[in-house]
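Engineer: Mind having a look at this structure? Questions to follow.
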Amino acid sequence: MADTQKVGLAQRDIEQAIIALKKGAHLLKYGRRGKPKFCPFRLSSDESLLVWYSGKDEKQLKLSLVSKIIPGQRTAIFQQYPQPEKEYQSFSLLYNDRSLDLICKDKDEAEVWFVGLKALITRGNHRKWRVESRCESVSSDSPHARLRRNSPSITPCDPGDLDGVSYENTGQNRLGKAFSELLSYTAVSKGTSQPKSIVNPSLSTALIDNSNGRISASEGFRVSLSSAVSSSSQGSCPEDFDALGDVYIWGEGIGDGLLGGGVNKVGSQCSLNSKLDALLPKALESTVVLDVHGIACGGRHAVLVTRQGEIFSWGEESGGRLGHGVEADVSHPKIIDTLSGTNVELVACGEYHTCAVTLSGDLYTWGDGTHNYGLLGHGSEVSHWIPQKVGGQMEGIRVSYISCGAWHTAVVTSAGQLFTFGDGSFGALGHGDHITSNFPREVETLRGLRTTKVACGVWHTAAAVEAINELSDSGTSASPSSRKLYTWGDGDKGRLGHGDNEPRLVPECVAALIEERICQVACGNDLTVALTTAGRVYTMGSTAYGQLGSATANGKLPTCVEGEIANSFVEEVACGSYHVAVLTSKNEVYTWGKGLNGQLGHGDNNHRNTPTIVDVLKDKQVKNVACGSKFTVVICIHKWVSSADHSVCSGCHNPFGFRRKRHNCYNCGLVFCKACSSKKSLKASLAPNLNKPYRVCDDCFNKLKKIMESSSVSQNARARTGNIHYKSNGVMDKETWVPKLQATLSRLSSFGAINNAESMHSRLASRATSPVLGTSSPIRSSEDFSEDSKRANDTLTQEIISLRAQVKPYCFCFYLFVCFSFGEKKPT
């Protein structure tokens, strides 16, 4: 069992690393001639080639030709322009008596590239790793099966398939220890005693998941999003099933790149909400590389599922809705270990709970069940801090779609049945009464019909229901299947679309849309949105904030949204509390409604009563859109690196030309024009000389400035406790410096000599049962300790004498300098 877990952890590390390689990064490439230069690198979709661009030329290296990958700067080419301070950011690929020598942005990025490439090289025949386990329960003709068969993901395979990769020692396969070979080499070559592996403190601490005591492999390394290549998809763009998913997010609590959590929790008294809101879409910050397949948003938390079937959650914890088993906010996506290996397919979020559906159709729920009776569907009033499978009536039933409201949940089965559970106030469950249900109950009114999609508002529900007409006398269908909109629950402000404000205890067809074929629905707090198969959007409900998308709509009956999307084919709709987002067939995102927290993505806090395109996403290939209460999220197909990556500025996106020159940022490696990279920093990660400022882009400059400010604060605190100060005229203060030096020497001679024996005694005593040593040392006598203490005191005394001898000449010279400067009598 333990061996299986180790194999799984190592495979997850490798899988995440290879995803990062496919997304690509700008690396500093050494050549046989000339100085090192920045080049965009990526792994090909079939995992057989390493592709990079030098100018406009595409170059490739077959991984089957690579004989070895070595960390550090150990090749002859590296020695032409050595950078010892970047030893642990460098690695070389050896092939055909040549080498490809690269330097990464930081140690974390280098570890990811090293682990990913080493796994591919040592695999032997370089066959693609696939997620076979996700296909076992799917028929060969299903879309899911076709998708997974062509996916370049990594399979949870038998360790014997990975030639050359040992799983005996999990520690040596962690990403945080990828450069252990380099350290061993350095130790041998320099003849000095060094640690056996490099472990970034942030990496080693992240490997431990406090919720269940297990090692969280997916959090064992970090890849900065600023290093991910985002360029034109022209040229070498793979098929959609090979494309990787990136996430962009904006709105409440996203201003610092996080979704609430910690000291920056939304609504906390220690920070202003205006500073936390993101008015424009920004890339989701993550400690792991994610190939996002689907995403769902709640009030102040979100959940995503990757194409490999892993589920991550982050945001503000409340009642266990994050599913990590601990009462702690999570600032970045964190894997839910309990569902590892279950191959999650769908996710949904409510205000206080979260749901997930696996590929086999099993339903899992978790969150607050104590204060929100029946919300989880387990038949009890117990909160679940980790995912729990919903059994009972749902046992053996395959779930195909799910939606979460603030107080209730709706589930659609593969057979078209609709089940609901949770708070029954206002008839939101559709059972004909106001009774709350703590377990799934089928909606009887829709029995015999086929429900395809469902959406939950706060106190109302909407569903797209398909009715198959009876066969005619000739034995053929009289008309194609019709998909109608059914709504029920609280009818206040016309949100049900029936022309009145009366509640409905059972589903009722919206007569105004009887001629339309509804394919998708979405619900806000007092809003219902329906999407037709013709790509038209209808809204009904409150007119507040312009959320109906039409200035003339009264909300009592469904109104077709016109404006900028009148001539567009809308493919997907999503609702927040009071705003709407839609995705068109041209990959354009339009938003309207409440914009107080920047959830519309237009760079301001203004409301919009008509659809307005999100300009920042124009150059992105958006494939999905989702809304939280006051924020919005999109999944974009990752744009694969190509020669076009160097044709436009990564900041302003203006093309380079005779007057607009190309400059690389020495921190992230991307290309910018002079206006977007006019600032310089001493802390650039790829700077050839650490003592000289180098050009960086504006985003990197701001990040590095924050780092420098935080480090300067700590340095100033240390400086106030004992550093040497200088007067304004440049002359050292004799009255303060000399006494401090004497006091320091006296402390070394008295305090150190007196207390060292006790500290040495305690250290030696603690070694007897040190857990690091693994075995208990034999207990030593008091004579041994006193002898060791005496030896230590003698050593310390010699060091003090040596220090005094070194300092005395400098003190005398300084004294002469002061005397002559102030005209004092020359000392004898």
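Within each chain, counting starts at residue 1; across the structure tokens, chains are named A, B, ... in the order shown, with ligands numbered 1 upward in that order.
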Which polymer residues have any atom within 9 Å of an atom of Ala463 in chain A, counting only C-alpha atoms, with same-chain residues fewer than 6 positions away left out, as a PyMOL selection string?
Structural biologist: chain A and resi 451-456+484-487+507+520-522
Engineer: Go ahead and save the picked residues with C-alpha atoms, as a PDB file, in the first residue's frame.
Structural biologist:
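Output (again28.pdb):
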ATOM      1  CA  THR A 451     -34.362  17.130 -17.995  1.00  0.00           C
ATOM      2  CA  THR A 452     -31.104  18.155 -19.664  1.00  0.00           C
ATOM      3  CA  LYS A 453     -29.883  21.180 -17.654  1.00  0.00           C
ATOM      4  CA  VAL A 454     -30.836  22.791 -14.345  1.00  0.00           C
ATOM      5  CA  ALA A 455     -29.867  25.957 -12.454  1.00  0.00           C
ATOM      6  CA  CYS A 456     -30.460  26.988  -8.846  1.00  0.00           C
ATOM      7  CA  LYS A 484     -38.836  23.969 -22.900  1.00  0.00           C
ATOM      8  CA  LEU A 485     -38.009  26.206 -19.968  1.00  0.00           C
ATOM      9  CA  TYR A 486     -39.588  25.221 -16.647  1.00  0.00           C
ATOM     10  CA  THR A 487     -39.307  27.414 -13.561  1.00  0.00           C
ATOM     11  CA  PRO A 507     -42.283  23.182 -12.228  1.00  0.00           C
ATOM     12  CA  GLN A 520     -29.007  26.011 -21.106  1.00  0.00           C
ATOM     13  CA  VAL A 521     -30.213  27.972 -18.066  1.00  0.00           C
ATOM     14  CA  ALA A 522     -28.563  30.102 -15.378  1.00  0.00           C
TER      15      ALA A 522
END
Engineer: Could the residues of range 646-723 of chain A that have an atom at most 9 Å from range 105-115 of chain A be listed as a Markdown table, each with its closest atom pair and the distance in Å to one decimal, counting only C-alpha atoms and ordered by chain and ascending residue number?
Structural biologist:
| residue | atom | partner | partner_atom | distance |
| --- | --- | --- | --- | --- |
| A:Tyr666 | CA | A:Lys105 | CA | 8.7 |
| A:Asn667 | CA | A:Lys105 | CA | 6.7 |
| A:Cys668 | CA | A:Lys105 | CA | 6.6 |
| A:Gly669 | CA | A:Lys105 | CA | 7.8 |
| A:Ser685 | CA | A:Lys105 | CA | 5.8 |
| A:Leu686 | CA | A:Lys105 | CA | 5.9 |
Engineer: Give the answer as one residue: which of A:Glu508, A:Glu444, A:Asp490, A:Glu466 has the shortest atom-to-atom distance to Leu527 in chain A, using only C-alpha atoms?
Structural biologist: A:Asp490
Engineer: Which of these, A:Gly430, A:Pro84, A:Gly546, A:Gly319, has the shortest distance to Trp385 in chain A once you count only C-alpha atoms?
Structural biologist: A:Gly319
Engineer: Find, counting only C-alpha atoms, the residue in A:Cys636, A:Ile14, A:Val382, A:Ile19 that gets nearest to Asp291 in chain A.
Structural biologist: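 Of A:Cys636, A:Ile14, A:Val382, A:Ile19, the one nearest Asp291 in chain A, counting only C-alpha atoms, is A:Ile19.
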Engineer: Have a look at A:Glu310, A:Asp337, A:Glu252, A:Glu381 and name the one nearest to Val357 in chain A; count only C-alpha atoms.
Structural biologist: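 Smallest separation from Val357 in chain A among the options: A:Glu310.
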Engineer: Enter the distance from CA of Met394 in chain A to CA of Cys355 in chain A, in Å, rounded to one decimal.
Structural biologist: 14.0 Å
Engineer: Find the residues around Leu583 in chain A up to 6 Å (only C-alpha atoms counted), leave out those fewer than 4 positions away in its own chain, and share them as a list in words.
Structural biologist: Val570, Glu571, Glu572, Glu588 and Val589 of chain A
Engineer: Take the residues just selected and output them with N, CA, C and O atoms as an mmCIF file, in the first residue's frame.
Structural biologist:
data_model
loop_
_atom_site.group_PDB
_atom_site.id
_atom_site.type_symbol
_atom_site.label_atom_id
_atom_site.label_comp_id
_atom_site.auth_asym_id
_atom_site.auth_seq_id
_atom_site.Cartn_x
_atom_site.Cartn_y
_atom_site.Cartn_z
ATOM 1 N N VAL A 570 -24.436 32.962 -29.261
ATOM 2 C CA VAL A 570 -23.989 32.728 -27.899
ATOM 3 C C VAL A 570 -23.957 31.231 -27.613
ATOM 4 O O VAL A 570 -24.926 30.516 -27.873
ATOM 5 N N GLU A 571 -22.840 30.768 -27.089
ATOM 6 C CA GLU A 571 -22.668 29.340 -26.811
ATOM 7 C C GLU A 571 -22.822 28.978 -25.341
ATOM 8 O O GLU A 571 -23.103 27.841 -25.005
ATOM 9 N N GLU A 572 -22.605 29.949 -24.436
ATOM 10 C CA GLU A 572 -22.653 29.631 -23.010
ATOM 11 C C GLU A 572 -23.051 30.869 -22.221
ATOM 12 O O GLU A 572 -22.667 31.986 -22.561
ATOM 13 N N GLU A 588 -15.622 35.397 -27.865
ATOM 14 C CA GLU A 588 -15.729 36.705 -27.234
ATOM 15 C C GLU A 588 -16.588 36.595 -25.968
ATOM 16 O O GLU A 588 -17.585 35.881 -25.949
ATOM 17 N N VAL A 589 -16.181 37.320 -24.929
ATOM 18 C CA VAL A 589 -16.913 37.325 -23.668
ATOM 19 C C VAL A 589 -17.585 38.686 -23.495
ATOM 20 O O VAL A 589 -16.928 39.723 -23.584
#
Engineer: Would you pick out the contacts of Val330 in chain A at 9 Å or less, using only C-alpha atoms, so that residues sharing its chain but fewer than 2 positions from it are not included, and give the list as a compact mmCIF listing (two decimals) with all heavy atoms, in the first residue's frame?
Structural biologist:
# COMPACT_ATOMS: atom_id res chain seq x y z
N LEU A 258 -5.50 36.59 -5.39
CA LEU A 258 -6.08 35.54 -4.58
C LEU A 258 -7.59 35.69 -4.55
O LEU A 258 -8.14 36.74 -4.85
CB LEU A 258 -5.52 35.58 -3.16
CG LEU A 258 -4.01 35.75 -3.02
CD1 LEU A 258 -3.65 35.85 -1.55
CD2 LEU A 258 -3.29 34.58 -3.65
N LEU A 259 -8.26 34.62 -4.15
CA LEU A 259 -9.70 34.67 -3.97
C LEU A 259 -9.97 34.71 -2.47
O LEU A 259 -10.28 33.71 -1.84
CB LEU A 259 -10.37 33.45 -4.60
CG LEU A 259 -11.89 33.34 -4.45
CD1 LEU A 259 -12.58 34.58 -5.00
CD2 LEU A 259 -12.40 32.10 -5.14
N GLY A 260 -9.78 35.90 -1.87
CA GLY A 260 -9.97 36.02 -0.43
C GLY A 260 -8.96 35.17 0.31
O GLY A 260 -7.93 34.77 -0.20
N GLY A 261 -9.26 34.89 1.56
CA GLY A 261 -8.40 34.02 2.34
C GLY A 261 -7.35 34.78 3.12
O GLY A 261 -6.85 35.81 2.69
N GLY A 262 -6.99 34.27 4.30
CA GLY A 262 -5.91 34.84 5.10
C GLY A 262 -6.22 36.26 5.56
O GLY A 262 -7.36 36.63 5.81
N SER A 313 -9.51 23.22 -4.81
CA SER A 313 -10.40 24.27 -4.28
C SER A 313 -9.57 25.31 -3.56
O SER A 313 -8.45 25.05 -3.11
CB SER A 313 -11.43 23.66 -3.32
OG SER A 313 -10.81 23.17 -2.15
N TRP A 314 -10.11 26.52 -3.46
CA TRP A 314 -9.42 27.59 -2.75
C TRP A 314 -10.44 28.69 -2.42
O TRP A 314 -11.56 28.69 -2.93
CB TRP A 314 -8.26 28.14 -3.57
CG TRP A 314 -8.61 29.01 -4.74
CD1 TRP A 314 -8.53 30.37 -4.82
CD2 TRP A 314 -9.10 28.58 -6.03
NE1 TRP A 314 -8.91 30.81 -6.07
CE2 TRP A 314 -9.27 29.74 -6.82
CE3 TRP A 314 -9.41 27.34 -6.59
CZ2 TRP A 314 -9.75 29.69 -8.14
CZ3 TRP A 314 -9.88 27.29 -7.89
CH2 TRP A 314 -10.04 28.45 -8.65
N GLY A 315 -10.05 29.60 -1.54
CA GLY A 315 -10.91 30.69 -1.14
C GLY A 315 -11.08 30.73 0.37
O GLY A 315 -10.22 30.26 1.12
N GLU A 316 -12.20 31.27 0.82
CA GLU A 316 -12.46 31.39 2.24
C GLU A 316 -13.18 30.15 2.76
O GLU A 316 -14.19 29.75 2.21
CB GLU A 316 -13.29 32.65 2.52
CG GLU A 316 -12.56 33.94 2.19
CD GLU A 316 -13.39 35.16 2.52
OE1 GLU A 316 -14.39 35.03 3.26
OE2 GLU A 316 -13.05 36.25 2.03
N GLU A 317 -12.65 29.59 3.80
CA GLU A 317 -13.25 28.41 4.41
C GLU A 317 -14.46 28.81 5.26
O GLU A 317 -14.42 29.81 5.97
CB GLU A 317 -12.22 27.66 5.25
CG GLU A 317 -12.75 26.43 5.97
CD GLU A 317 -13.37 25.43 5.02
OE1 GLU A 317 -14.55 25.62 4.66
OE2 GLU A 317 -12.67 24.47 4.63
N LEU A 322 -14.44 23.93 1.47
CA LEU A 322 -13.24 23.72 0.65
C LEU A 322 -12.86 22.24 0.56
O LEU A 322 -12.13 21.84 -0.35
CB LEU A 322 -12.07 24.53 1.20
CG LEU A 322 -12.21 26.05 1.17
CD1 LEU A 322 -10.92 26.71 1.63
CD2 LEU A 322 -12.62 26.55 -0.20
N ALA A 328 -9.30 26.39 7.64
CA ALA A 328 -8.26 27.35 7.24
C ALA A 328 -8.53 27.82 5.82
O ALA A 328 -8.88 27.01 4.95
CB ALA A 328 -6.87 26.72 7.33
N HIS A 332 -4.48 29.76 -2.71
CA HIS A 332 -4.25 29.28 -4.08
C HIS A 332 -4.89 27.90 -4.24
O HIS A 332 -5.12 27.21 -3.25
CB HIS A 332 -2.75 29.18 -4.38
CG HIS A 332 -2.03 30.48 -4.29
ND1 HIS A 332 -1.38 30.89 -3.14
CD2 HIS A 332 -1.86 31.47 -5.18
CE1 HIS A 332 -0.83 32.07 -3.35
NE2 HIS A 332 -1.11 32.45 -4.58
N PRO A 333 -5.20 27.49 -5.47
CA PRO A 333 -5.81 26.17 -5.67
C PRO A 333 -5.01 25.06 -4.99
O PRO A 333 -3.81 24.93 -5.19
CB PRO A 333 -5.78 26.01 -7.20
CG PRO A 333 -5.85 27.41 -7.72
CD PRO A 333 -5.07 28.23 -6.74
N LYS A 334 -5.71 24.28 -4.20
CA LYS A 334 -5.10 23.18 -3.45
C LYS A 334 -5.88 21.90 -3.71
O LYS A 334 -7.11 21.90 -3.66
CB LYS A 334 -5.09 23.50 -1.95
CG LYS A 334 -4.53 22.38 -1.08
CD LYS A 334 -4.60 22.77 0.39
CE LYS A 334 -4.07 21.65 1.28
NZ LYS A 334 -4.17 22.00 2.73
Engineer: What's around range 561-567 of chain A at 8 Å? Count only C-alpha atoms, leave out sequence neighbours fewer than 4 positions away in its own chain, and write the answer as a ChimeraX atom specification.
Structural biologist: /A:536-539,548-550,590,610-613
Engineer: Rounded to one decimal in Å, what is the spacing between CA of Thr365 in chain A and CA of Cys519 in chain A?
Structural biologist: 25.8 Å
Engineer: Determine, counting only C-alpha atoms, which protein, DNA and RNA residues have an atom within 6 Å of an atom of Leu557 in chain A; residues of the same chain fewer than 6 positions away are not included. Present the result as an NGL selection string.
Structural biologist: :A and (497 or 499 or 540)
Engineer: Show me, as a PyMOL selection string, the residues that have an atom within 12 Å of Asn654 in chain A when counting only C-alpha atoms, minus same-chain residues fewer than 4 positions from it.
Structural biologist: chain A and resi 645-650+659-662+671-676
Engineer: Write a file of the just-selected residues containing C-alpha atoms, as a PDB file, in the first residue's frame.
Structural biologist:
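Heads up, here's the output in again37.pdb:
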ATOM      1  CA  ASP A 645       5.606  35.327 -29.892  1.00  0.00           C
ATOM      2  CA  HIS A 646       8.400  37.763 -30.770  1.00  0.00           C
ATOM      3  CA  SER A 647       6.363  39.826 -33.244  1.00  0.00           C
ATOM      4  CA  VAL A 648       4.332  41.838 -30.724  1.00  0.00           C
ATOM      5  CA  CYS A 649       4.948  43.361 -27.309  1.00  0.00           C
ATOM      6  CA  SER A 650       3.752  41.136 -24.460  1.00  0.00           C
ATOM      7  CA  ARG A 659      10.842  52.381 -34.455  1.00  0.00           C
ATOM      8  CA  ARG A 660       9.492  49.972 -31.837  1.00  0.00           C
ATOM      9  CA  LYS A 661      12.450  47.860 -30.764  1.00  0.00           C
ATOM     10  CA  ARG A 662      12.295  44.513 -29.016  1.00  0.00           C
ATOM     11  CA  VAL A 671       9.573  40.381 -25.034  1.00  0.00           C
ATOM     12  CA  PHE A 672       8.421  43.977 -24.544  1.00  0.00           C
ATOM     13  CA  CYS A 673       8.758  47.322 -26.236  1.00  0.00           C
ATOM     14  CA  LYS A 674      10.801  50.078 -24.618  1.00  0.00           C
ATOM     15  CA  ALA A 675       7.738  51.775 -23.133  1.00  0.00           C
ATOM     16  CA  CYS A 676       6.590  48.600 -21.380  1.00  0.00           C
TER      17      CYS A 676
END
Engineer: List every residue of range 517-682 of chain A that DSSP, applied to the backbone, labels as strand (DSSP E), and write the result as a VMD selection string.
Structural biologist: chain A and resid 518 to 523 527 to 532 537 to 541 559 to 560 570 to 575 579 to 584 589 to 593 608 to 613 621 to 627 631 to 637 663 to 664 671 to 672 679 to 681
